[in-house]
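J.: Pasting my_file-v5.cif below, which is mmCIF, C-alpha atoms.
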```cif
data_work
loop_
_atom_site.group_PDB
_atom_site.id
_atom_site.type_symbol
_atom_site.label_atom_id
_atom_site.label_comp_id
_atom_site.auth_asym_id
_atom_site.auth_seq_id
_atom_site.Cartn_x
_atom_site.Cartn_y
_atom_site.Cartn_z
ATOM 1 C CA MET A 1 -6.008 -2.723 16.857
ATOM 2 C CA LYS A 2 -4.872 -6.048 15.398
ATOM 3 C CA LYS A 3 -1.554 -6.364 13.615
ATOM 4 C CA VAL A 4 0.530 -9.232 12.221
ATOM 5 C CA ILE A 5 4.115 -9.410 13.512
ATOM 6 C CA TYR A 6 6.903 -11.949 13.932
ATOM 7 C CA ASN A 7 9.824 -11.874 16.365
ATOM 8 C CA LYS A 8 12.104 -14.373 14.648
ATOM 9 C CA CYS A 9 12.557 -15.702 11.142
ATOM 10 C CA GLY A 10 11.168 -19.094 10.276
ATOM 11 C CA ASP A 11 8.180 -20.950 8.895
ATOM 12 C CA PRO A 12 4.683 -19.390 8.803
ATOM 13 C CA ASN A 13 4.022 -20.408 12.406
ATOM 14 C CA VAL A 14 6.300 -17.597 13.650
ATOM 15 C CA LEU A 15 3.588 -15.123 12.618
ATOM 16 C CA LYS A 16 1.496 -13.723 15.457
ATOM 17 C CA ILE A 17 -1.560 -11.494 15.589
ATOM 18 C CA VAL A 18 -1.217 -8.985 18.411
ATOM 19 C CA ASN A 19 -3.311 -6.133 19.745
ATOM 20 C CA ILE A 20 -1.487 -2.807 19.799
ATOM 21 C CA ASP A 21 -2.486 0.752 20.624
ATOM 22 C CA ASN A 22 -4.409 2.661 17.998
ATOM 23 C CA ILE A 23 -2.276 4.873 15.769
ATOM 24 C CA ASP A 24 -2.146 8.522 16.832
ATOM 25 C CA LEU A 25 -2.054 11.015 13.977
ATOM 26 C CA LYS A 26 -0.928 13.827 16.270
ATOM 27 C CA GLY A 27 2.293 15.429 15.045
ATOM 28 C CA GLN A 28 2.144 13.635 11.696
ATOM 29 C CA LYS A 29 2.414 15.746 8.557
ATOM 30 C CA ASP A 30 1.658 14.658 5.001
ATOM 31 C CA LYS A 31 0.301 11.352 6.272
ATOM 32 C CA ILE A 32 -3.218 9.981 6.482
ATOM 33 C CA LEU A 33 -4.709 7.336 8.750
ATOM 34 C CA VAL A 34 -6.301 4.504 6.799
ATOM 35 C CA LYS A 35 -8.526 1.621 7.879
ATOM 36 C CA VAL A 36 -7.277 -1.320 5.825
ATOM 37 C CA LEU A 37 -10.023 -3.234 4.010
ATOM 38 C CA PHE A 38 -7.976 -5.535 1.790
ATOM 39 C CA SER A 39 -4.314 -6.375 1.316
ATOM 40 C CA SER A 40 -2.499 -9.235 -0.389
ATOM 41 C CA ILE A 41 0.415 -11.624 -0.021
ATOM 42 C CA ASN A 42 3.530 -10.962 -2.089
ATOM 43 C CA ALA A 43 6.606 -13.159 -2.317
ATOM 44 C CA VAL A 44 8.545 -10.512 -0.404
ATOM 45 C CA ASP A 45 6.305 -11.170 2.628
ATOM 46 C CA TRP A 46 7.299 -14.795 3.078
ATOM 47 C CA LYS A 47 10.877 -14.177 1.943
ATOM 48 C CA TYR A 48 11.305 -11.552 4.674
ATOM 49 C CA ARG A 49 9.678 -13.906 7.177
ATOM 50 C CA ARG A 50 12.113 -16.692 6.207
ATOM 51 C CA GLY A 51 15.071 -14.311 6.495
ATOM 52 C CA ASP A 52 16.062 -14.467 2.828
ATOM 53 C CA PHE A 53 17.071 -10.796 2.601
ATOM 54 C CA ARG A 54 18.944 -10.290 5.862
ATOM 55 C CA PHE A 55 22.384 -10.507 4.252
ATOM 56 C CA PHE A 56 21.565 -7.717 1.787
ATOM 57 C CA THR A 57 19.365 -5.459 3.917
ATOM 58 C CA LYS A 58 21.075 -5.988 7.305
ATOM 59 C CA MET A 59 17.576 -5.518 8.670
ATOM 60 C CA PHE A 60 15.016 -7.595 10.513
ATOM 61 C CA ASN A 61 11.682 -6.408 9.169
ATOM 62 C CA THR A 62 8.850 -7.340 11.523
ATOM 63 C CA ASP A 63 6.094 -5.472 9.662
ATOM 64 C CA LEU A 64 4.660 -7.386 6.734
ATOM 65 C CA GLY A 65 2.108 -6.456 4.093
ATOM 66 C CA TYR A 66 2.587 -3.788 1.451
ATOM 67 C CA ASP A 67 -0.618 -3.570 -0.594
ATOM 68 C CA ILE A 68 -3.471 -1.471 0.750
ATOM 69 C CA VAL A 69 -7.037 -0.795 -0.220
ATOM 70 C CA GLY A 70 -8.613 1.138 2.601
ATOM 71 C CA GLU A 71 -10.795 3.938 3.874
ATOM 72 C CA VAL A 72 -9.347 7.244 5.072
ATOM 73 C CA ILE A 73 -10.425 7.756 8.693
ATOM 74 C CA ASN A 74 -8.305 10.746 9.734
ATOM 75 C CA VAL A 75 -6.483 13.524 7.899
ATOM 76 C CA PRO A 76 -4.157 16.219 9.325
ATOM 77 C CA SER A 77 -4.979 19.842 8.608
ATOM 78 C CA ASN A 78 -2.117 20.281 6.120
ATOM 79 C CA VAL A 79 -3.410 17.537 3.794
ATOM 80 C CA VAL A 80 -5.944 18.774 1.252
ATOM 81 C CA GLN A 81 -5.922 16.063 -1.445
ATOM 82 C CA TYR A 82 -7.616 13.446 0.741
ATOM 83 C CA LYS A 83 -10.631 13.556 3.027
ATOM 84 C CA LYS A 84 -12.280 11.284 5.555
ATOM 85 C CA GLY A 85 -14.243 8.553 3.803
ATOM 86 C CA ASP A 86 -12.089 8.422 0.659
ATOM 87 C CA ILE A 87 -11.172 4.958 -0.600
ATOM 88 C CA ILE A 88 -7.486 4.736 -1.439
ATOM 89 C CA LEU A 89 -5.104 2.343 -3.165
ATOM 90 C CA GLY A 90 -1.621 2.396 -1.689
ATOM 91 C CA LEU A 91 1.783 0.747 -1.490
ATOM 92 C CA LEU A 92 4.103 0.764 1.517
ATOM 93 C CA PRO A 93 7.922 0.807 1.174
ATOM 94 C CA THR A 94 9.561 -2.596 0.733
ATOM 95 C CA LEU A 95 11.800 -2.105 3.787
ATOM 96 C CA LYS A 96 8.901 -1.010 5.996
ATOM 97 C CA GLY A 97 5.581 -2.794 5.468
ATOM 98 C CA GLY A 98 2.718 -2.991 7.932
ATOM 99 C CA ALA A 99 -0.368 -3.373 5.735
ATOM 100 C CA HIS A 100 -1.382 -6.603 7.461
ATOM 101 C CA SER A 101 -3.028 -4.671 10.259
ATOM 102 C CA GLU A 102 -6.360 -2.995 10.871
ATOM 103 C CA CYS A 103 -5.029 0.545 10.432
ATOM 104 C CA VAL A 104 -1.941 2.074 8.882
ATOM 105 C CA LEU A 105 -0.316 5.462 8.326
ATOM 106 C CA LEU A 106 0.255 6.312 4.689
ATOM 107 C CA SER A 107 2.222 9.152 3.148
ATOM 108 C CA VAL A 108 0.173 11.162 0.661
ATOM 109 C CA ASN A 109 2.756 10.142 -1.965
ATOM 110 C CA GLN A 110 2.146 6.440 -1.370
ATOM 111 C CA CYS A 111 -1.486 6.260 -2.462
ATOM 112 C CA ILE A 112 -4.179 7.407 -4.877
ATOM 113 C CA THR A 113 -7.946 7.834 -4.552
ATOM 114 C CA VAL A 114 -10.090 5.181 -6.242
ATOM 115 C CA ASN A 115 -13.767 4.708 -7.031
ATOM 116 C CA SER A 116 -15.479 2.988 -4.097
ATOM 117 C CA ALA A 117 -17.824 1.200 -6.533
ATOM 118 C CA MET A 118 -14.967 -0.814 -8.025
ATOM 119 C CA ASP A 119 -14.055 -4.335 -6.923
ATOM 120 C CA LEU A 120 -11.867 -3.404 -3.955
ATOM 121 C CA LYS A 121 -10.583 -6.906 -3.252
ATOM 122 C CA GLU A 122 -9.333 -7.100 -6.838
ATOM 123 C CA LEU A 123 -7.634 -3.709 -6.555
ATOM 124 C CA ALA A 124 -5.726 -4.994 -3.507
ATOM 125 C CA GLY A 125 -3.722 -7.250 -5.802
ATOM 126 C CA ILE A 126 -2.449 -4.342 -7.879
ATOM 127 C CA PRO A 127 0.101 -2.267 -5.892
ATOM 128 C CA MET A 128 3.301 -4.282 -5.414
ATOM 129 C CA ALA A 129 2.813 -6.798 -8.222
ATOM 130 C CA GLY A 130 1.579 -4.146 -10.634
ATOM 131 C CA VAL A 131 4.225 -1.567 -9.788
ATOM 132 C CA THR A 132 6.897 -4.274 -10.123
ATOM 133 C CA ALA A 133 5.670 -5.070 -13.629
ATOM 134 C CA TRP A 134 5.297 -1.375 -14.511
ATOM 135 C CA ILE A 135 8.789 -0.333 -13.390
ATOM 136 C CA SER A 136 10.289 -3.399 -15.088
ATOM 137 C CA LEU A 137 8.607 -3.040 -18.464
ATOM 138 C CA ILE A 138 7.723 0.635 -18.830
ATOM 139 C CA GLU A 139 10.537 2.388 -16.982
ATOM 140 C CA LYS A 140 13.542 0.047 -17.024
ATOM 141 C CA ALA A 141 12.985 -1.692 -20.374
ATOM 142 C CA LYS A 142 11.301 1.313 -22.043
ATOM 143 C CA LEU A 143 8.670 -0.914 -23.652
ATOM 144 C CA ARG A 144 7.432 0.285 -27.035
ATOM 145 C CA LYS A 145 4.572 -0.822 -29.247
ATOM 146 C CA GLY A 146 5.472 -3.793 -31.439
ATOM 147 C CA GLN A 147 8.320 -5.087 -29.278
ATOM 148 C CA SER A 148 8.597 -8.754 -28.325
ATOM 149 C CA VAL A 149 8.463 -9.579 -24.609
ATOM 150 C CA LEU A 150 9.077 -12.908 -22.865
ATOM 151 C CA ILE A 151 7.701 -13.221 -19.340
ATOM 152 C CA ASN A 152 9.167 -16.110 -17.357
ATOM 153 C CA GLY A 153 6.513 -16.870 -14.748
ATOM 154 C CA GLY A 154 3.457 -15.589 -16.561
ATOM 155 C CA SER A 155 0.864 -17.099 -14.234
ATOM 156 C CA SER A 156 2.317 -15.575 -11.045
ATOM 157 C CA GLY A 157 1.076 -12.456 -9.277
ATOM 158 C CA VAL A 158 3.578 -10.208 -11.036
ATOM 159 C CA GLY A 159 3.610 -12.237 -14.236
ATOM 160 C CA HIS A 160 -0.124 -12.239 -14.909
ATOM 161 C CA LEU A 161 -0.207 -8.451 -14.559
ATOM 162 C CA ALA A 162 2.940 -8.108 -16.691
ATOM 163 C CA ILE A 163 1.267 -10.007 -19.544
ATOM 164 C CA GLN A 164 -1.699 -7.649 -19.491
ATOM 165 C CA LEU A 165 0.451 -4.540 -19.097
ATOM 166 C CA ALA A 166 2.675 -5.475 -22.021
ATOM 167 C CA LYS A 167 -0.365 -6.158 -24.203
ATOM 168 C CA ALA A 168 -1.942 -2.845 -23.177
ATOM 169 C CA TYR A 169 1.221 -1.114 -24.427
ATOM 170 C CA GLY A 170 1.120 -2.980 -27.738
ATOM 171 C CA ALA A 171 3.766 -5.676 -27.257
ATOM 172 C CA GLU A 172 3.876 -9.216 -28.616
ATOM 173 C CA VAL A 173 3.972 -11.391 -25.507
ATOM 174 C CA THR A 174 5.330 -14.880 -24.896
ATOM 175 C CA SER A 175 4.575 -16.390 -21.495
ATOM 176 C CA VAL A 176 6.493 -19.211 -19.793
ATOM 177 C CA SER A 177 4.469 -21.285 -17.328
ATOM 178 C CA SER A 178 3.526 -24.844 -16.457
ATOM 179 C CA GLY A 179 1.365 -26.704 -18.920
ATOM 180 C CA LYS A 180 -1.745 -26.401 -16.761
ATOM 181 C CA ASN A 181 -1.431 -22.602 -16.767
ATOM 182 C CA GLU A 182 -0.873 -22.095 -20.493
ATOM 183 C CA LEU A 183 -4.577 -21.517 -21.176
ATOM 184 C CA PHE A 184 -4.755 -19.074 -18.256
ATOM 185 C CA CYS A 185 -1.883 -17.044 -19.734
ATOM 186 C CA ARG A 186 -3.493 -17.033 -23.181
ATOM 187 C CA GLN A 187 -6.750 -15.810 -21.659
ATOM 188 C CA LEU A 188 -4.773 -12.919 -20.156
ATOM 189 C CA GLY A 189 -3.630 -11.981 -23.660
ATOM 190 C CA ALA A 190 -0.351 -13.832 -24.207
ATOM 191 C CA ASP A 191 0.242 -14.339 -27.941
ATOM 192 C CA HIS A 192 2.453 -17.377 -27.377
ATOM 193 C CA THR A 193 2.972 -19.739 -24.455
ATOM 194 C CA ILE A 194 5.824 -22.059 -23.532
ATOM 195 C CA ASN A 195 5.339 -25.026 -21.216
ATOM 196 C CA TYR A 196 8.558 -25.199 -19.194
ATOM 197 C CA GLU A 197 7.810 -28.842 -18.359
ATOM 198 C CA THR A 198 8.307 -29.902 -21.976
ATOM 199 C CA GLU A 199 10.293 -27.059 -23.552
ATOM 200 C CA ASN A 200 13.328 -24.987 -22.541
ATOM 201 C CA PHE A 201 12.558 -21.376 -23.434
ATOM 202 C CA ARG A 202 16.303 -20.610 -23.402
ATOM 203 C CA GLU A 203 16.580 -22.684 -26.586
ATOM 204 C CA SER A 204 13.863 -20.785 -28.431
ATOM 205 C CA SER A 205 14.445 -19.919 -32.087
ATOM 206 C CA LYS A 206 12.805 -16.539 -31.491
ATOM 207 C CA LYS A 207 14.617 -13.451 -30.203
ATOM 208 C CA TYR A 208 13.126 -11.006 -27.716
ATOM 209 C CA ASP A 209 13.512 -7.303 -26.993
ATOM 210 C CA ILE A 210 12.703 -7.804 -23.307
ATOM 211 C CA ILE A 211 13.055 -10.878 -21.106
ATOM 212 C CA PHE A 212 11.367 -10.393 -17.734
ATOM 213 C CA ASP A 213 12.496 -13.142 -15.351
ATOM 214 C CA VAL A 214 9.714 -12.926 -12.776
ATOM 215 C CA VAL A 215 10.646 -16.216 -11.101
ATOM 216 C CA SER A 216 14.409 -15.529 -11.117
ATOM 217 C CA ASN A 217 15.573 -18.918 -12.362
ATOM 218 C CA THR A 218 17.819 -17.963 -15.250
ATOM 219 C CA SER A 219 20.752 -15.659 -16.027
ATOM 220 C CA VAL A 220 21.817 -13.309 -18.769
ATOM 221 C CA ASN A 221 24.425 -15.799 -20.015
ATOM 222 C CA GLU A 222 21.741 -18.449 -20.450
ATOM 223 C CA ILE A 223 19.375 -16.167 -22.356
ATOM 224 C CA LYS A 224 21.886 -14.159 -24.428
ATOM 225 C CA PRO A 225 21.195 -16.266 -27.559
ATOM 226 C CA ILE A 226 17.506 -15.293 -27.484
ATOM 227 C CA LEU A 227 17.923 -11.637 -26.431
ATOM 228 C CA ASN A 228 18.195 -8.981 -29.115
ATOM 229 C CA PRO A 229 21.513 -7.049 -29.064
ATOM 230 C CA ARG A 230 19.863 -3.950 -27.591
ATOM 231 C CA GLY A 231 17.407 -5.910 -25.485
ATOM 232 C CA TYR A 232 16.906 -5.912 -21.725
ATOM 233 C CA PHE A 233 17.047 -8.707 -19.163
ATOM 234 C CA ILE A 234 15.006 -7.756 -16.077
ATOM 235 C CA ASP A 235 15.121 -9.469 -12.673
ATOM 236 C CA THR A 236 13.493 -8.506 -9.374
ATOM 237 C CA ASN A 237 15.414 -10.806 -7.018
ATOM 238 C CA ILE A 238 18.789 -9.517 -5.871
ATOM 239 C CA SER A 239 21.575 -12.120 -5.764
ATOM 240 C CA PHE A 240 25.351 -12.266 -6.155
ATOM 241 C CA SER A 241 25.002 -13.699 -9.662
ATOM 242 C CA LEU A 242 22.676 -10.866 -10.686
ATOM 243 C CA ILE A 243 25.069 -8.265 -9.259
ATOM 244 C CA LYS A 244 27.862 -9.847 -11.303
ATOM 245 C CA ASP A 245 25.695 -9.764 -14.443
ATOM 246 C CA MET A 246 24.848 -6.089 -13.868
ATOM 247 C CA LEU A 247 28.541 -5.233 -13.577
ATOM 248 C CA LEU A 248 29.384 -7.153 -16.757
ATOM 249 C CA TYR A 249 26.394 -5.921 -18.784
ATOM 250 C CA PRO A 250 25.263 -2.626 -17.202
ATOM 251 C CA SER A 251 23.217 -1.488 -20.199
ATOM 252 C CA LYS A 252 21.479 -4.838 -20.649
ATOM 253 C CA VAL A 253 20.801 -6.302 -17.190
ATOM 254 C CA LYS A 254 18.446 -4.431 -14.855
ATOM 255 C CA PHE A 255 17.470 -5.072 -11.245
ATOM 256 C CA VAL A 256 14.101 -3.685 -10.225
ATOM 257 C CA TYR A 257 13.696 -2.341 -6.711
ATOM 258 C CA VAL A 258 10.036 -1.683 -6.020
ATOM 259 C CA TYR A 259 8.919 1.386 -4.103
ATOM 260 C CA PRO A 260 5.699 3.406 -3.687
ATOM 261 C CA TYR A 261 5.505 4.998 -7.131
ATOM 262 C CA LYS A 262 2.445 7.170 -7.574
ATOM 263 C CA LYS A 263 2.948 7.541 -11.334
ATOM 264 C CA ALA A 264 2.898 3.764 -11.773
ATOM 265 C CA LEU A 265 -0.106 3.298 -9.468
ATOM 266 C CA THR A 266 -2.021 5.977 -11.359
ATOM 267 C CA ASP A 267 -1.324 4.386 -14.742
ATOM 268 C CA LEU A 268 -2.197 0.902 -13.493
ATOM 269 C CA TYR A 269 -5.474 2.164 -12.042
ATOM 270 C CA ARG A 270 -6.266 3.823 -15.380
ATOM 271 C CA LEU A 271 -5.750 0.495 -17.121
ATOM 272 C CA VAL A 272 -8.018 -1.236 -14.588
ATOM 273 C CA GLU A 273 -10.719 1.373 -15.228
ATOM 274 C CA GLU A 274 -10.316 0.829 -18.969
ATOM 275 C CA LYS A 275 -10.630 -2.942 -18.385
ATOM 276 C CA LYS A 276 -7.207 -3.571 -19.914
ATOM 277 C CA ILE A 277 -5.900 -5.084 -16.670
ATOM 278 C CA HIS A 278 -7.639 -7.194 -14.069
ATOM 279 C CA VAL A 279 -6.387 -9.132 -11.057
ATOM 280 C CA HIS A 280 -7.031 -12.849 -10.974
ATOM 281 C CA ILE A 281 -7.750 -13.815 -7.366
ATOM 282 C CA ASP A 282 -6.517 -17.287 -6.500
ATOM 283 C CA LYS A 283 -7.789 -17.363 -2.920
ATOM 284 C CA ILE A 284 -8.990 -15.035 -0.146
ATOM 285 C CA PHE A 285 -7.981 -15.326 3.523
ATOM 286 C CA THR A 286 -8.906 -13.226 6.560
ATOM 287 C CA LEU A 287 -6.306 -11.523 8.733
ATOM 288 C CA ASN A 288 -6.876 -14.212 11.377
ATOM 289 C CA GLN A 289 -5.870 -16.807 8.767
ATOM 290 C CA ILE A 290 -2.514 -15.155 8.017
ATOM 291 C CA VAL A 291 -0.504 -18.301 8.892
ATOM 292 C CA ASP A 292 -2.560 -20.362 6.444
ATOM 293 C CA ALA A 293 -2.252 -17.590 3.846
ATOM 294 C CA HIS A 294 1.553 -17.696 4.067
ATOM 295 C CA LYS A 295 1.589 -21.489 3.874
ATOM 296 C CA TYR A 296 -0.602 -21.401 0.780
ATOM 297 C CA ALA A 297 1.265 -18.595 -0.987
ATOM 298 C CA GLU A 298 4.680 -20.074 -0.238
ATOM 299 C CA SER A 299 4.054 -23.745 -0.922
ATOM 300 C CA SER A 300 1.437 -23.695 -3.672
ATOM 301 C CA ARG A 301 1.825 -22.745 -7.299
ATOM 302 C CA THR A 302 -0.750 -19.995 -7.126
ATOM 303 C CA THR A 303 -2.179 -18.305 -10.175
ATOM 304 C CA GLY A 304 -2.592 -14.572 -9.774
ATOM 305 C CA LYS A 305 -2.939 -13.149 -6.274
ATOM 306 C CA VAL A 306 -3.736 -14.251 -2.723
ATOM 307 C CA ILE A 307 -5.886 -11.589 -1.029
ATOM 308 C CA ILE A 308 -6.164 -10.765 2.688
ATOM 309 C CA LYS A 309 -9.550 -9.516 3.945
ATOM 310 C CA ILE A 310 -9.376 -7.151 6.933
ATOM 311 C CA ASN A 311 -11.825 -5.172 9.105
ATOM 312 C CA GLY A 312 -14.890 -7.114 8.036
ATOM 313 C CA ALA A 313 -14.681 -5.822 4.478
ATOM 314 C CA LYS A 314 -17.409 -7.065 2.167
ATOM 315 C CA ILE A 315 -16.360 -9.556 -0.501
#
```
Spit out the file's structure as structure tokens when you get a sec.
T.:
Amino acid sequence: MKKVIYNKCGDPNVLKIVNIDNIDLKGQKDKILVKVLFSSINAVDWKYRRGDFRFFTKMFNTDLGYDIVGEVINVPSNVVQYKKGDIILGLLPTLKGGAHSECVLLSVNQCITVNSAMDLKELAGIPMAGVTAWISLIEKAKLRKGQSVLINGGSSGVGHLAIQLAKAYGAEVTSVSSGKNELFCRQLGADHTINYETENFRESSKKYDIIFDVVSNTSVNEIKPILNPRGYFIDTNISFSLIKDMLLYPSKVKFVYVYPYKKALTDLYRLVEEKKIHVHIDKIFTLNQIVDAHKYAESSRTTGKVIIKINGAKI
């Protein structure tokens, strides 16, 4: 089967597509074998490839791809909640990966069954970006109806889902983006938009209950004047400055580590079914175009998600 790997950190050209032996399910318990139909590119993919996280993880992760929409093709005898032919939505662990391949092993706790009639390529943009937004807003910040939320990076993969998630939970949402993406963010449901090219959101006259720094370009000291006293500042990119902020303000500053969270996936899928959340697809690449996909995702200001089509899946 085909799989994307890399043997050294660097630019997108270090990525290689190799043929490896098919995965053997023998001896595996509580795992299912899935033929991957669609995946997506997340920032963590190209950041791992560049080597951005090696200081913190002490690991060289050669398996990229975390989002999975696929078809179950083999199930061990001890697994009863899934059967051959089921379509699943899954998320692999951040330190593992491997979704950018034709087949993958998934723990039963890393996926949920979905309706095969739904737009599967759109669902592929949900897992990592959606779970990131869900853990940040719902679990860490304890979002409640009527609260004010500022999302810095509202047009990004995580940001555009965070806008919709916050609105689905009854929040008043302000999105920070470039001027050309303000309309896009309003169409997603943002009540207010800030064009960072002409306005510094850190100098806003409004105060917020939650500031979600999707693009990780500010700090708690910079946004303290616009954060309510019991508000939360959420970041998803670990750094020395963020660690310092968490030590100084442990009840206010939160780092979000994303992991396969079935509760979050289930709630996000419910919201997709209820048409309260949808994935905006910026561009679709095939697995054979993985180098171009990384170049595009890393160098372009994408809106929404970049999807990877695998195994001849129908678009």
J.: Find, counting all atoms listed in the file, the residue in A:Ala124, A:Leu161, A:Val253, A:Val272 that gets nearest to Ala141 (chain A).
T.: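 Between A:Ala124, A:Leu161, A:Val253, A:Val272, the residue approaching Ala141 (chain A) most closely is A:Val253.
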J.: To verify the selection step, state as a list in words which residues the PyMOL selection byres ((chain A and resi 283) around 7) yields on this input.
T.: Ile281, Asp282, Ile284, Phe285, Val306 and Ile307 of chain A
J.: Return as a list in words the set of residues that the PyMOL selection byres ((chain A and resi 11) around 9) yields on the displayed structure.
T.: Cys9, Gly10, Pro12, Asn13, Val14, Leu15, Trp46, Arg49, Arg50, His294 and Lys295 of chain A
J.: So what does the PyMOL selection byres ((chain A and resi 42) around 10) actually pick up in this one, as a PyMOL selection string?
T.: chain A and resi 39-41+43-47+64-67+125+128-129+157-158+294+297-298+305-307
J.: Identify which of the residues A:Ile68, A:Leu268, A:Val131, A:Ala190 lies closest to Ala99 (chain A), counting only C-alpha atoms when measuring atom-to-atom distances.
T.: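 Going through A:Ile68, A:Leu268, A:Val131, A:Ala190 one by one, the smallest distance to Ala99 (chain A) is for A:Ile68.
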J.: Find the residues near region 105-119 of chain A: any atom within 7 Å, counting all atoms listed in the file, skip ones fewer than 5 places away on the same chain, and give them as a list of chain:residue names.
T.: A:Asp30, A:Lys31, A:Ile32, A:Leu33, A:Val34, A:Asp86, A:Ile87, A:Ile88, A:Leu89, A:Gly90, A:Leu91, A:Leu92, A:Pro260, A:Tyr261, A:Lys262, A:Thr266
J.: State, in Å with one decimal place, the distance from CA of Thr303 (chain A) to CA of Leu183 (chain A).
T.: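 Value for the CA of Thr303 (chain A)-CA of Leu183 (chain A) distance: 11.7 Å.
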J.: Between CA of Gly51 (chain A) and CA of Thr302 (chain A), what is the distance, to one decimal in Å?
T.: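 That distance, rounded to one decimal, is 21.6 Å.
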J.: Using all atoms listed in the file, which of A:Asn7, A:Ser148, A:Gln289, A:Ser239 sits nearest Asp191 (chain A)?
T.: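 That would be A:Ser148, the residue with the smallest distance to Asp191 (chain A).
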J.: Enter the distance from CA of Leu188 (chain A) to CA of Tyr269 (chain A), in Å, rounded to one decimal.
T.: 17.1 Å
